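Shown here: final-v3.txt, compact mmCIF, C-alpha atoms.
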# COMPACT_ATOMS: atom_id res chain seq x y z
CA MET G 1 63.78 18.16 -5.61
CA TRP G 2 66.88 17.27 -7.61
CA ALA G 3 70.33 16.86 -6.09
CA ILE G 4 73.39 18.26 -7.82
CA VAL G 5 76.58 16.26 -7.24
CA PRO G 6 79.78 17.78 -8.66
CA TYR G 7 82.54 15.24 -9.20
CA LYS G 8 86.13 15.98 -10.20
CA GLU G 9 88.13 12.84 -10.89
CA PRO G 10 91.84 12.57 -10.00
CA PRO G 11 94.47 13.63 -10.92
CA PHE G 12 92.72 17.03 -10.78
CA GLY G 13 90.39 15.92 -8.00
CA LYS G 14 91.64 15.11 -4.50
CA SER G 15 95.01 16.69 -5.29
CA ARG G 16 95.64 17.42 -1.60
CA LEU G 17 95.91 13.66 -1.04
CA SER G 18 98.69 13.37 -3.62
CA ASN G 19 101.41 13.48 -0.97
CA ARG G 20 100.17 10.16 0.44
CA LEU G 21 98.17 8.45 -2.32
CA THR G 22 98.96 7.72 -5.96
CA PRO G 23 96.61 8.92 -8.71
CA SER G 24 95.14 5.42 -9.06
CA GLN G 25 94.61 5.13 -5.29
CA ARG G 26 92.96 8.55 -5.21
CA THR G 27 90.73 7.53 -8.08
CA ILE G 28 89.59 4.40 -6.22
CA LEU G 29 88.92 6.38 -3.04
CA ALA G 30 87.09 9.20 -4.85
CA ALA G 31 84.95 6.73 -6.82
CA THR G 32 84.02 4.92 -3.60
CA MET G 33 82.89 8.11 -1.87
CA LEU G 34 80.95 9.19 -4.96
CA ASP G 35 79.12 5.86 -4.98
CA ILE G 36 78.30 6.25 -1.27
CA VAL G 37 76.82 9.71 -1.87
CA ILE G 38 74.84 8.58 -4.93
CA GLU G 39 73.39 5.56 -3.14
CA ALA G 40 72.35 7.68 -0.15
CA LEU G 41 70.61 10.18 -2.42
CA LEU G 42 68.83 7.43 -4.34
CA ARG G 43 67.51 6.04 -1.07
CA ALA G 44 66.34 9.42 0.24
CA LYS G 45 62.57 9.82 0.09
CA HIS G 46 62.54 13.48 -0.92
CA VAL G 47 65.08 13.39 -3.76
CA GLN G 48 63.46 13.07 -7.17
CA GLY G 49 66.65 12.69 -9.18
CA ILE G 50 70.39 13.31 -9.30
CA LEU G 51 72.27 15.59 -11.64
CA LEU G 52 75.87 14.36 -11.68
CA VAL G 53 78.07 17.08 -13.15
CA SER G 54 81.61 16.07 -14.06
CA ASP G 55 84.43 16.23 -16.57
CA SER G 56 85.06 12.51 -16.05
CA THR G 57 84.52 9.98 -18.83
CA ASN G 58 84.40 7.06 -16.39
CA LEU G 59 80.82 7.33 -15.15
CA ALA G 60 79.17 4.74 -17.40
CA GLU G 61 77.94 2.70 -14.43
CA PHE G 62 75.68 5.56 -13.34
CA THR G 63 73.96 5.77 -16.72
CA LEU G 64 72.38 2.40 -15.92
CA LYS G 65 70.65 3.74 -12.81
CA GLU G 66 67.27 5.41 -12.91
CA ASN G 67 66.82 9.05 -11.99
CA ILE G 68 70.44 10.01 -12.72
CA ILE G 69 71.45 12.49 -15.40
CA ILE G 70 75.12 12.97 -16.18
CA LEU G 71 75.92 16.53 -17.20
CA GLU G 72 79.28 16.76 -18.90
CA THR G 73 81.32 19.86 -18.20
CA GLN G 74 84.59 21.12 -19.62
CA THR G 75 85.55 23.06 -16.53
CA THR G 76 87.55 21.87 -13.54
CA ASN G 77 86.36 24.87 -11.52
CA LEU G 78 83.85 23.69 -8.92
CA ARG G 79 81.92 26.97 -8.78
CA ASP G 80 81.48 27.06 -12.55
CA ALA G 81 80.41 23.40 -12.68
CA VAL G 82 77.81 23.88 -9.94
CA THR G 83 76.52 27.09 -11.54
CA GLN G 84 76.19 25.28 -14.88
CA ALA G 85 74.33 22.38 -13.27
CA SER G 86 72.02 24.73 -11.34
CA ARG G 87 71.16 26.55 -14.55
CA PHE G 88 70.45 23.23 -16.29
CA ALA G 89 68.24 22.07 -13.41
CA SER G 90 66.25 25.29 -13.47
CA LYS G 91 65.79 25.68 -17.23
CA GLN G 92 65.80 22.11 -18.54
CA LEU G 93 64.40 20.15 -15.59
CA ARG G 94 62.12 22.94 -14.32
CA CYS G 95 63.35 22.42 -10.78
CA PRO G 96 62.30 25.13 -8.32
CA THR G 97 64.82 23.88 -5.76
CA THR G 98 68.12 22.00 -5.87
CA PHE G 99 70.32 20.36 -3.25
CA ILE G 100 74.06 20.66 -3.91
CA VAL G 101 75.82 17.70 -2.29
CA PRO G 102 79.61 17.18 -2.48
CA ALA G 103 80.87 13.83 -3.76
CA ASP G 104 83.22 13.27 -0.82
CA LEU G 105 80.91 12.80 2.17
CA PRO G 106 81.58 9.19 3.19
CA LEU G 107 79.34 9.29 6.29
CA ILE G 108 76.24 10.69 4.58
CA SER G 109 72.89 9.00 5.19
CA PRO G 110 69.49 9.03 3.44
CA GLU G 111 67.78 9.99 6.70
CA ASP G 112 69.88 13.12 7.13
CA ILE G 113 69.38 14.08 3.50
CA ASP G 114 65.62 13.93 4.05
CA PHE G 115 65.93 15.80 7.35
CA ALA G 116 67.78 18.67 5.66
CA ILE G 117 65.13 18.88 2.95
CA THR G 118 62.27 19.00 5.44
CA GLN G 119 63.97 21.91 7.25
CA HIS G 120 64.48 23.94 4.08
CA GLU G 121 62.82 27.31 3.44
CA GLN G 122 64.70 29.66 1.09
CA VAL G 123 68.38 28.84 1.45
CA THR G 124 69.83 26.10 3.63
CA ILE G 125 73.60 25.99 4.13
CA ILE G 126 75.23 22.96 5.74
CA PRO G 127 78.75 23.69 7.01
CA ASP G 128 81.64 21.35 7.63
CA ALA G 129 82.72 20.41 11.16
CA ARG G 130 85.00 23.46 11.41
CA LEU G 131 82.29 25.89 10.27
CA LYS G 132 84.57 27.01 7.45
CA GLY G 133 83.64 25.06 4.33
CA THR G 134 80.25 24.26 2.84
CA ASN G 135 79.11 20.63 2.62
CA GLY G 136 75.60 21.19 1.33
CA ILE G 137 73.38 23.90 -0.14
CA ILE G 138 69.65 23.79 -0.74
CA ALA G 139 68.55 26.76 -2.78
CA THR G 140 65.21 28.07 -4.02
CA PRO G 141 65.61 28.91 -6.86
CA PRO G 142 68.68 26.85 -7.85
CA ASN G 143 70.85 29.87 -8.76
CA ALA G 144 69.51 32.07 -5.98
CA PHE G 145 72.92 33.54 -5.15
CA GLU G 146 76.58 33.34 -6.15
CA PHE G 147 78.45 30.21 -5.15
CA VAL G 148 81.96 30.17 -3.69
CA PHE G 149 84.00 27.01 -3.15
CA ASN G 150 87.44 27.71 -1.71
CA GLY G 151 87.58 25.80 1.57
CA GLN G 152 86.40 28.92 3.42
CA SER G 153 83.01 29.26 1.75
CA TYR G 154 80.55 28.93 4.63
CA GLN G 155 80.54 32.61 5.65
CA HIS G 156 80.73 33.70 1.99
CA HIS G 157 77.61 31.72 1.14
CA GLN G 158 75.71 33.20 4.05
CA HIS G 159 76.76 36.70 3.00
CA ASN G 160 75.96 36.17 -0.69
CA ALA G 161 72.51 34.82 0.13
CA GLN G 162 71.77 37.84 2.32
CA VAL G 163 73.00 40.21 -0.40
CA ALA G 164 70.56 38.49 -2.78
CA GLY G 165 67.73 39.38 -0.38
CA LEU G 166 67.32 35.87 0.99
CA HIS G 167 67.24 34.51 4.53
CA PRO G 168 69.80 31.68 4.79
CA LYS G 169 69.35 28.98 7.38
CA SER G 170 72.41 27.25 8.81
CA LEU G 171 71.96 23.56 9.52
CA GLN G 172 74.65 21.46 11.20
CA ILE G 173 74.36 17.74 10.47
CA ASP G 174 76.99 15.29 11.69
CA THR G 175 77.00 13.04 8.62
CA PHE G 176 77.49 16.08 6.38
CA SER G 177 80.24 17.54 8.55
CA TYR G 178 83.13 15.38 7.42
CA ASP G 179 84.40 15.60 3.87
CA VAL G 180 87.73 14.21 2.69
CA ASP G 181 90.18 16.74 1.28
CA THR G 182 93.36 15.85 3.15
CA PHE G 183 94.93 12.69 4.50
CA ASP G 184 94.09 13.81 8.04
CA ASP G 185 90.44 14.09 6.97
CA LEU G 186 90.59 10.53 5.67
CA MET G 187 92.12 9.19 8.87
CA LEU G 188 89.48 10.98 10.96
CA VAL G 189 86.63 9.47 8.93
CA ILE G 190 88.16 6.00 9.26
CA GLN G 191 88.60 6.49 13.02
CA MET G 192 84.98 7.61 13.36
CA SER G 193 83.57 4.82 11.19
CA PRO G 194 86.03 1.88 11.05
CA ASP G 195 83.41 -0.43 9.53
CA SER G 196 82.54 1.92 6.66
CA ARG G 197 83.13 1.23 2.98
CA THR G 198 85.72 4.00 2.93
CA ALA G 199 87.70 2.30 5.70
CA ALA G 200 87.45 -1.05 3.91
CA VAL G 201 88.75 0.46 0.67
CA TYR G 202 91.62 2.12 2.49
CA ARG G 203 92.52 -1.15 4.21
CA ASN G 204 92.63 -2.79 0.80
CA LEU G 205 94.96 -0.06 -0.43
CA THR G 206 97.29 -0.51 2.54
CA THR G 207 97.65 -4.23 1.85
CA HIS G 208 99.19 -3.33 -1.50
CA ASP G 209 101.29 -0.42 -0.28
CA SER G 210 103.38 -0.85 2.84
CA SER G 211 104.23 2.88 2.91
CA LEU G 212 100.66 3.75 3.95
CA PRO G 213 99.79 3.66 7.65
CA ALA G 214 97.65 0.65 8.52
CA CYS G 215 93.97 1.05 9.31
CA ASN G 216 93.27 -0.97 12.44

Take the structure in the file and write it out as structure tokens.
Amino acid sequence: MWAIVPYKEPPFGKSRLSNRLTPSQRTILAATMLDIVIEALLRAKHVQGILLVSDSTNLAEFTLKENIIILETQTTNLRDAVTQASRFASKQLRCPTTFIVPADLPLISPEDIDFAITQHEQVTIIPDARLKGTNGIIATPPNAFEFVFNGQSYQHHQHNAQVAGLHPKSLQIDTFSYDVDTFDDLMLVIQMSPDSRTAAVYRNLTTHDSSLPACN
């Protein structure tokens, strides 16, 4: 199974953090979370490779790692990027199944990635903590149904899968539940995991910017 990781670099990515973080700070934070997700996927036993789809030109470090393909896209629309990557995985990589994993899951673990894969049947949808957004999709085949990414996509994905004649399975996993879109999301992740890399990066940012609240 191949994982699809869509990544949109600031200033277009993580725009909802712009009221508290500068573009360079958002870039550092986004790059850190992307690296966390990539490393977790590389360590997962059931992931064969990673398809990193992005409009960023700053991903050279990942070209040095085995089992990673960078798929350049001209779109900043998440749905279109994921659809493009799913089509590439199906036609070019001959993948019967793909695992879409957001690039902003700082608590993700290899063990939970493998757990989700072992539970998969036709369509597996992993919601966020509020049961509103979607923080993971395993689909057989990769473009089995229409994707929707608008912050309220969980119910839409379930509906679209059913319309396509599939039987979606909902799977709640704690480490997939917390993505970082807003500053409150970031503070919650840091509170939950104060020793994480994300917390360490934020602490480093606060030492250079006294306007940011300290991370204790």

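As for CA of Thr27 in chain G and CA of Pro10 in chain G, they are spaced 5.5 Å apart.
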
Quiz item: What's the 12 Å shell around Ile137 in chain G, counting all atoms listed in the file, without same-chain residues fewer than 4 positions away, as a ChimeraX atom specification?
Solution: /G:2-5,82,86,97-102,113,116-117,120-128,133,141-149,153-154,157-158,161,168-172,176

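As for CA of Val47 in chain G and CA of Gln74 in chain G, they are spaced 26.3 Å apart.
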
Exercise. Have a look at G:Lys91, G:Arg197, G:Arg79, G:Arg20 and name the one nearest to Leu107 in chain G; count only C-alpha atoms.
Key: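 Once distances to Leu107 in chain G are computed over only C-alpha atoms, the minimum belongs to G:Arg197.
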
Quiz item: Can you list, as a list in words, every protein, DNA or RNA residue that comes within 10 Å of Glu39 in chain G when you count all atoms listed in the file, leaving out same-chain residues fewer than 4 positions away?
Solution: Met33, Leu34, Asp35, Arg43, Ala44, Ile108, Ser109 and Pro110 of chain G

Write the selection just made, keeping C-alpha atoms, as a PDB file, in the frame of the given file?
ATOM      1  CA  MET G  33      82.890   8.110  -1.870  1.00  0.00           C
ATOM      2  CA  LEU G  34      80.950   9.190  -4.960  1.00  0.00           C
ATOM      3  CA  ASP G  35      79.120   5.860  -4.980  1.00  0.00           C
ATOM      4  CA  ARG G  43      67.510   6.040  -1.070  1.00  0.00           C
ATOM      5  CA  ALA G  44      66.340   9.420   0.240  1.00  0.00           C
ATOM      6  CA  ILE G 108      76.240  10.690   4.580  1.00  0.00           C
ATOM      7  CA  SER G 109      72.890   9.000   5.190  1.00  0.00           C
ATOM      8  CA  PRO G 110      69.490   9.030   3.440  1.00  0.00           C
TER       9      PRO G 110
END

Quiz prompt | Contacts of Ile70 in chain G within 7 Å, only C-alpha atoms, excl. fewer than 3 positions in-chain, as a PyMOL selection string | solution = chain G and resi 51-53
